[in-house]
file upload.txt (compact mmCIF, C-alpha atoms)
# COMPACT_ATOMS: atom_id res chain seq x y z
CA MET A 17 97.60 94.88 85.80
CA LEU A 18 96.97 98.56 86.16
CA LEU A 19 99.95 100.02 84.38
CA THR A 20 102.26 97.34 83.05
CA GLY A 21 102.33 94.71 80.36
CA MET A 22 102.13 91.69 82.66
CA VAL A 23 98.42 91.10 83.06
CA CYS A 24 97.16 94.23 81.35
CA PRO A 25 99.45 95.27 78.50
CA CYS A 26 98.90 98.94 79.25
CA PHE A 27 102.42 100.28 79.47
CA SER A 28 105.55 98.33 78.70
CA GLN A 29 108.29 99.22 81.16
CA ASP A 30 108.86 97.96 84.72
CA THR A 31 109.34 101.36 86.36
CA MET A 32 107.70 104.55 85.17
CA GLU A 33 106.38 107.88 86.26
CA ILE A 34 102.68 108.52 85.91
CA SER A 35 100.44 111.50 86.38
CA VAL A 36 96.89 111.62 87.71
CA ARG A 37 94.72 113.46 85.20
CA PRO A 38 92.60 116.45 86.31
CA GLU A 39 89.31 114.77 85.38
CA SER A 40 89.88 112.19 88.14
CA THR A 41 87.38 112.26 91.00
CA LEU A 42 87.23 111.37 94.66
CA LYS A 43 83.80 111.52 96.29
CA ILE A 44 82.48 110.88 99.77
CA HIS A 45 78.84 109.80 99.86
CA GLY A 46 76.69 109.79 102.98
CA LYS A 47 73.10 109.53 104.11
CA THR A 48 70.93 111.17 106.71
CA ASN A 49 67.54 110.13 107.99
CA VAL A 50 66.16 112.72 105.52
CA ASN A 51 68.25 112.46 102.33
CA SER A 52 71.68 111.64 100.94
CA PHE A 53 74.67 113.80 100.07
CA THR A 54 77.86 113.67 98.02
CA CYS A 55 80.95 115.75 98.65
CA SER A 56 83.43 115.85 95.76
CA GLN A 57 87.00 117.03 95.62
CA THR A 58 87.90 119.75 93.16
CA TYR A 59 91.64 119.68 93.76
CA ILE A 60 93.27 117.63 91.00
CA LYS A 61 94.74 120.08 88.52
CA GLU A 62 96.79 119.55 85.36
CA GLY A 63 100.49 119.14 86.16
CA ASP A 64 100.07 119.16 89.94
CA GLY A 65 103.35 117.84 91.39
CA LEU A 66 101.57 115.86 94.11
CA MET A 67 99.97 113.72 91.44
CA ASP A 68 103.16 112.50 89.79
CA ILE A 69 103.95 108.99 91.00
CA ARG A 70 106.30 106.15 90.12
CA ILE A 71 105.53 102.47 90.11
CA SER A 72 107.58 99.32 89.76
CA ALA A 73 106.12 95.98 88.79
CA ASP A 74 107.15 92.45 89.77
CA GLY A 75 105.34 89.70 87.94
CA GLU A 76 101.66 89.43 88.80
CA SER A 77 101.43 92.25 91.34
CA MET A 78 102.61 95.83 91.61
CA GLU A 79 104.16 97.74 94.44
CA PHE A 80 103.91 101.50 94.37
CA ILE A 81 106.55 104.00 95.39
CA ASP A 82 105.84 107.61 96.44
CA THR A 83 102.11 107.29 95.85
CA GLU A 84 100.62 109.36 98.64
CA VAL A 85 98.20 111.95 97.34
CA SER A 86 97.22 114.75 99.73
CA ILE A 87 93.84 116.33 99.03
CA PRO A 88 92.92 119.46 100.98
CA VAL A 89 89.75 118.79 102.97
CA LYS A 90 88.73 122.38 102.29
CA GLU A 91 88.61 121.56 98.56
CA PHE A 92 85.66 119.18 99.02
CA ASP A 93 82.37 120.65 97.83
CA CYS A 94 79.02 119.23 98.94
CA GLY A 95 76.97 121.41 96.59
CA HIS A 96 75.57 123.56 99.38
CA LYS A 97 77.62 126.16 101.25
CA ILE A 98 76.42 125.28 104.77
CA MET A 99 76.69 121.53 104.16
CA THR A 100 80.21 121.99 102.76
CA ARG A 101 81.25 124.03 105.81
CA ASP A 102 79.75 121.43 108.18
CA PHE A 103 81.44 118.58 106.29
CA GLN A 104 84.84 120.28 106.49
CA GLU A 105 84.30 120.98 110.19
CA ILE A 106 83.35 117.34 110.89
CA LEU A 107 86.51 116.17 109.13
CA GLN A 108 88.54 118.61 111.25
CA ALA A 109 89.90 120.55 108.24
CA ASP A 110 91.56 123.15 110.47
CA LYS A 111 93.38 120.56 112.60
CA ASN A 112 93.95 117.93 109.86
CA PRO A 113 93.84 119.84 106.58
CA TYR A 114 94.46 116.88 104.24
CA LEU A 115 92.78 113.63 103.37
CA ARG A 116 95.74 111.44 102.43
CA VAL A 117 95.42 108.42 100.16
CA LYS A 118 98.35 106.09 99.61
CA LEU A 119 98.25 103.30 97.06
CA ASN A 120 100.48 100.48 98.33
CA SER A 121 99.92 97.67 95.83
CA ILE A 122 97.53 96.08 93.36
CA GLN A 123 97.13 92.34 92.83
CA PRO A 124 94.95 90.33 90.45
CA ASP A 125 91.89 88.96 92.26
CA GLY A 126 89.83 86.52 90.23
CA ARG A 127 88.33 88.52 87.39
CA GLY A 128 89.40 91.92 88.76
CA TYR A 129 92.00 93.53 90.95
CA LEU A 130 92.44 94.24 94.63
CA ALA A 131 94.15 97.47 95.71
CA ASN A 132 95.86 97.83 99.08
CA VAL A 133 95.15 101.46 100.03
CA SER A 134 95.91 103.50 103.15
CA ILE A 135 93.52 106.35 103.96
CA ARG A 136 94.40 109.02 106.53
CA LEU A 137 91.50 111.19 107.59
CA ALA A 138 91.18 113.46 110.62
CA GLY A 139 94.60 112.30 111.83
CA VAL A 140 93.72 108.57 111.80
CA SER A 141 95.04 106.03 109.27
CA HIS A 142 93.48 102.77 108.14
CA ASN A 143 94.55 100.23 105.56
CA TYR A 144 91.93 98.72 103.23
CA TYR A 145 91.74 96.19 100.43
CA ILE A 146 89.49 97.67 97.78
CA PRO A 147 88.20 95.86 94.66
CA VAL A 148 89.03 97.98 91.60
CA THR A 149 87.95 97.92 87.99
CA ILE A 150 90.62 98.89 85.51
CA ARG A 151 90.07 100.08 81.94
CA ARG A 152 92.48 101.40 79.37
CA GLY A 153 92.25 103.32 76.14
CA GLU A 154 93.86 106.13 74.16
CA GLY A 155 96.94 106.25 76.45
CA VAL A 156 94.81 106.68 79.58
CA MET A 157 94.20 104.13 82.32
CA THR A 158 91.14 104.40 84.55
CA GLY A 159 90.81 102.75 87.95
CA GLU A 160 87.45 102.80 89.72
CA GLY A 161 86.51 101.55 93.13
CA GLN A 162 84.69 102.29 96.34
CA ARG A 163 84.91 101.48 100.02
CA GLU A 164 82.50 101.94 102.87
CA VAL A 165 84.03 103.41 106.02
CA LYS A 166 82.50 104.54 109.29
CA PHE A 167 82.84 107.83 111.11
CA SER A 168 83.84 105.86 114.22
CA GLU A 169 86.84 104.29 112.41
CA TYR A 170 88.30 107.80 112.30
CA ASN A 171 87.21 108.79 115.82
CA LEU A 172 84.55 111.09 114.39
CA GLU A 173 80.94 111.50 115.48
CA PRO A 174 78.22 111.52 112.82
CA PRO A 175 76.66 114.97 113.06
CA VAL A 176 73.19 115.71 114.38
CA LYS A 177 71.51 118.92 113.22
CA PHE A 178 68.34 120.88 113.91
CA LEU A 179 67.85 119.67 117.49
CA GLY A 180 68.20 116.02 116.47
CA MET A 181 65.75 116.16 113.58
CA VAL A 182 68.50 115.43 111.02
CA ARG A 183 70.99 112.68 111.81
CA VAL A 184 73.87 111.65 109.57
CA LYS A 185 74.27 107.88 109.36
CA GLU A 186 77.51 106.25 110.57
CA GLU A 187 78.51 104.89 107.14
CA LEU A 188 80.29 106.84 104.44
CA ASN A 189 81.15 105.53 100.99
CA ILE A 190 84.41 106.75 99.46
CA SER A 191 84.43 106.31 95.68
CA PHE A 192 87.11 107.15 93.19
CA ASN A 193 87.61 107.31 89.45
CA ILE A 194 91.31 107.85 88.87
CA ARG A 195 92.57 108.50 85.35
CA ILE A 196 96.30 108.30 84.77
CA THR A 197 98.78 108.70 81.95
CA GLU A 198 102.42 107.77 81.69
CA ILE A 199 104.88 110.67 81.75
CA GLN A 200 107.22 110.29 78.81

call {"tool": "encode", "arguments": {"input": "upload.txt", "output": "structure tokens"}}
result
Amino acid sequence: MLLTGMVCPCFSQDTMEISVRPESTLKIHGKTNVNSFTCSQTYIKEGDGLMDIRISADGESMEFIDTEVSIPVKEFDCGHKIMTRDFQEILQADKNPYLRVKLNSIQPDGRGYLANVSIRLAGVSHNYYIPVTIRRGEGVMTGEGQREVKFSEYNLEPPVKFLGMVRVKEELNISFNIRITEIQ
């Protein structure tokens, strides 16, 4: 269990408020016919109200309440100014300024866990089941996972640059490393 004492004795109560720690990361990885790229968010800040969430547990699985996190698309950084601008333009940052991630539930799945997550990007929402790895220590829980998505799932066109010489591939990999603590 991610946060309760049922499968993972991490925290002891059934309902609690948690906070996403600022060292958490959300990255979008992509490839072109020339190289690869990673765009990371830089938005999670200590005490940010959008990161406070409550959960309630029922036996072997957890349902989450008020768990939508809105990350400004303009806060993603691809490590190169032009690439960052192009990335934000492709994701329609002016029209749809937030990438929204909502954690719906987590269930045990064999030796790991399966998270039911909704992702809203460029005005389009999709629900995914994502395998997650959960670790705990020193009052902090870490959940890691990744999911491949396609530009076309979000009605987006992979960009083509330099008269067709550079083509971004259809697949993107969204990875996350979320660190949380219980709010006392």

call {"tool": "axis_aligned_box", "arguments": {"input": "upload.txt", "around": "stretch 180-197 of chain A", "padding_each_side": "8 Å", "output": "lines of an AutoDock Vina configuration file"}}
result
center_x = 82.3
center_y = 110.5
center_z = 99.2
size_x = 49.0
size_y = 27.3
size_z = 50.5

call {"tool": "atom_distance", "arguments": {"input": "upload.txt", "atom1": "atom CA of A:Glu160", "atom2": "atom CA of A:Asp93"}}
result
20.3 Å

call {"tool": "residues_around", "arguments": {"input": "upload.txt", "residues": "stretch 49-54 of chain A", "least_positions_apart": "5", "cutoff": "8 Å", "atoms": "all atoms listed in the file", "output": "list of chain:residue names"}}
result
A:Lys43, A:Ile44, A:Cys94, A:Gly95, A:Val182, A:Arg183, A:Val184, A:Lys185

call {"tool": "atom_distance", "arguments": {"input": "upload.txt", "atom1": "atom CA of A:Ala131", "atom2": "atom CA of A:Glu154"}}
result
23.2 Å
